[in-house]
Amino acid sequence: MRSAATSGLLVLGLLCTACAPAPPGPQGEALTATLSELNIRDPAADVALHVHQGDMRPIGINGYTCAYPGAASKVLDELQLKYGLRCLEGTSDAPENVRHSKLIQKASAYATAYNAALVDLANPH
């Protein structure tokens with residue numbers, strides 16, 4: 001009986017360990033810090049602030065190279081050529097774990113919304 005109870009506790013312990021969230025790796029920690037500095041809920045507010053400070057750079061996500069997410073845009077291409085690209089630190093095309101992958105998705109969604117607001121500001125219709 002004693003070995004069955006011990007085995008049961010061991011299995012339970014292993015299951016709890018397997019369900020625990022993966023600790024952030026170096027890239028995940030960097031991206032967490034990067035995202036904490038952004039207005040995730042209102043990227044347009046960040047655009048207004050940055051443009052007021054003279055920063056017209058689109059936001060990019062790191063992969064093989066740093067590139068802005070979403071569809072090709074003539075306005076974003078022109079802004080990138082003139083001002084460069086601000087790449088979000090900690091993004092990557094090779095996530096460290098599931099947590100990091102979710103952070104990259106959040107960063108990509110932010111960058112897409114930010115760049116759309118930047119296009120609207122730089123090229124009013």
# chains A, B, ... in the order shown; residues from 1 in each chain; ligands from 1

call {"tool": "residues_around", "arguments": {"residues": "region 63-71 of chain A", "least_positions_apart": "6", "cutoff": "10 Å", "atoms": "only C-alpha atoms", "output": "PyMOL selection string"}}
result
chain A and resi 77+80+85-88+91-94+107-113+115-116

call {"tool": "residues_around", "arguments": {"residues": "Pro26 (chain A)", "least_positions_apart": "2", "cutoff": "12 Å", "atoms": "only C-alpha atoms", "output": "mmCIF file with C-alpha atoms, in the first residue's frame"}}
result
data_model
loop_
_atom_site.group_PDB
_atom_site.id
_atom_site.type_symbol
_atom_site.label_atom_id
_atom_site.label_comp_id
_atom_site.auth_asym_id
_atom_site.auth_seq_id
_atom_site.Cartn_x
_atom_site.Cartn_y
_atom_site.Cartn_z
ATOM 1 C CA PRO A 23 9.942 30.275 -16.965
ATOM 2 C CA PRO A 24 10.674 33.147 -19.299
ATOM 3 C CA GLY A 28 10.809 36.498 -23.177
ATOM 4 C CA GLU A 29 12.156 38.678 -20.376
ATOM 5 C CA ALA A 30 13.335 41.284 -22.898
ATOM 6 C CA LEU A 31 9.968 41.304 -24.655
ATOM 7 C CA THR A 32 8.086 41.565 -21.360
ATOM 8 C CA ALA A 33 10.163 44.655 -20.522
ATOM 9 C CA GLU A 89 13.393 43.977 -28.514
ATOM 10 C CA GLY A 90 12.659 40.386 -27.572
ATOM 11 C CA THR A 91 10.609 39.555 -30.674
ATOM 12 C CA SER A 92 11.766 36.643 -32.771
ATOM 13 C CA PRO A 95 9.896 31.586 -29.760
ATOM 14 C CA GLU A 96 11.538 30.181 -26.648
ATOM 15 C CA ASN A 97 8.286 28.676 -25.388
ATOM 16 C CA HIS A 100 7.115 33.869 -25.466
#

call {"tool": "atom_distance", "arguments": {"atom1": "CA of Ala122 (chain A)", "atom2": "CA of Val75 (chain A)"}}
result
7.9 Å

call {"tool": "select_by_dssp", "arguments": {"residues": "chain A", "states": "strand (DSSP E or B)", "output": "list in words"}}
result
Ile59, Gly60, Ile61, Asn62, Cys66, Ala67, Arg86, Cys87 and Leu88 of chain A

call {"tool": "write_last_selection", "arguments": {"atoms": "N, CA and C atoms", "output": "compact mmCIF listing (two decimals), in the first residue's frame"}}
result
# COMPACT_ATOMS: atom_id res chain seq x y z
N ILE A 59 7.08 50.48 -36.59
CA ILE A 59 7.55 49.46 -35.65
C ILE A 59 7.68 48.13 -36.37
N GLY A 60 8.77 47.46 -36.11
CA GLY A 60 9.04 46.17 -36.72
C GLY A 60 9.14 45.06 -35.69
N ILE A 61 8.99 43.85 -36.18
CA ILE A 61 9.11 42.63 -35.39
C ILE A 61 10.32 41.86 -35.91
N ASN A 62 11.17 41.41 -35.00
CA ASN A 62 12.36 40.67 -35.41
C ASN A 62 12.00 39.27 -35.87
N CYS A 66 14.40 42.36 -39.32
CA CYS A 66 13.33 43.13 -38.70
C CYS A 66 12.46 43.70 -39.81
N ALA A 67 11.16 43.49 -39.71
CA ALA A 67 10.23 43.99 -40.72
C ALA A 67 8.92 44.35 -40.04
N ARG A 86 11.88 50.88 -36.00
CA ARG A 86 12.10 50.61 -34.59
C ARG A 86 11.68 49.17 -34.32
N CYS A 87 12.63 48.31 -34.04
CA CYS A 87 12.35 46.89 -33.84
C CYS A 87 12.11 46.62 -32.36
N LEU A 88 11.05 45.89 -32.05
CA LEU A 88 10.72 45.59 -30.67
C LEU A 88 11.66 44.52 -30.13

call {"tool": "closest_residue", "arguments": {"among": "A:Gly25, A:Pro124, A:Leu35, A:Ala117", "to": "Ala48 (chain A)", "atoms": "only C-alpha atoms"}}
result
A:Ala117

call {"tool": "atom_distance", "arguments": {"atom1": "CA of Gln27 (chain A)", "atom2": "CA of Ala45 (chain A)"}}
result
26.1 Å
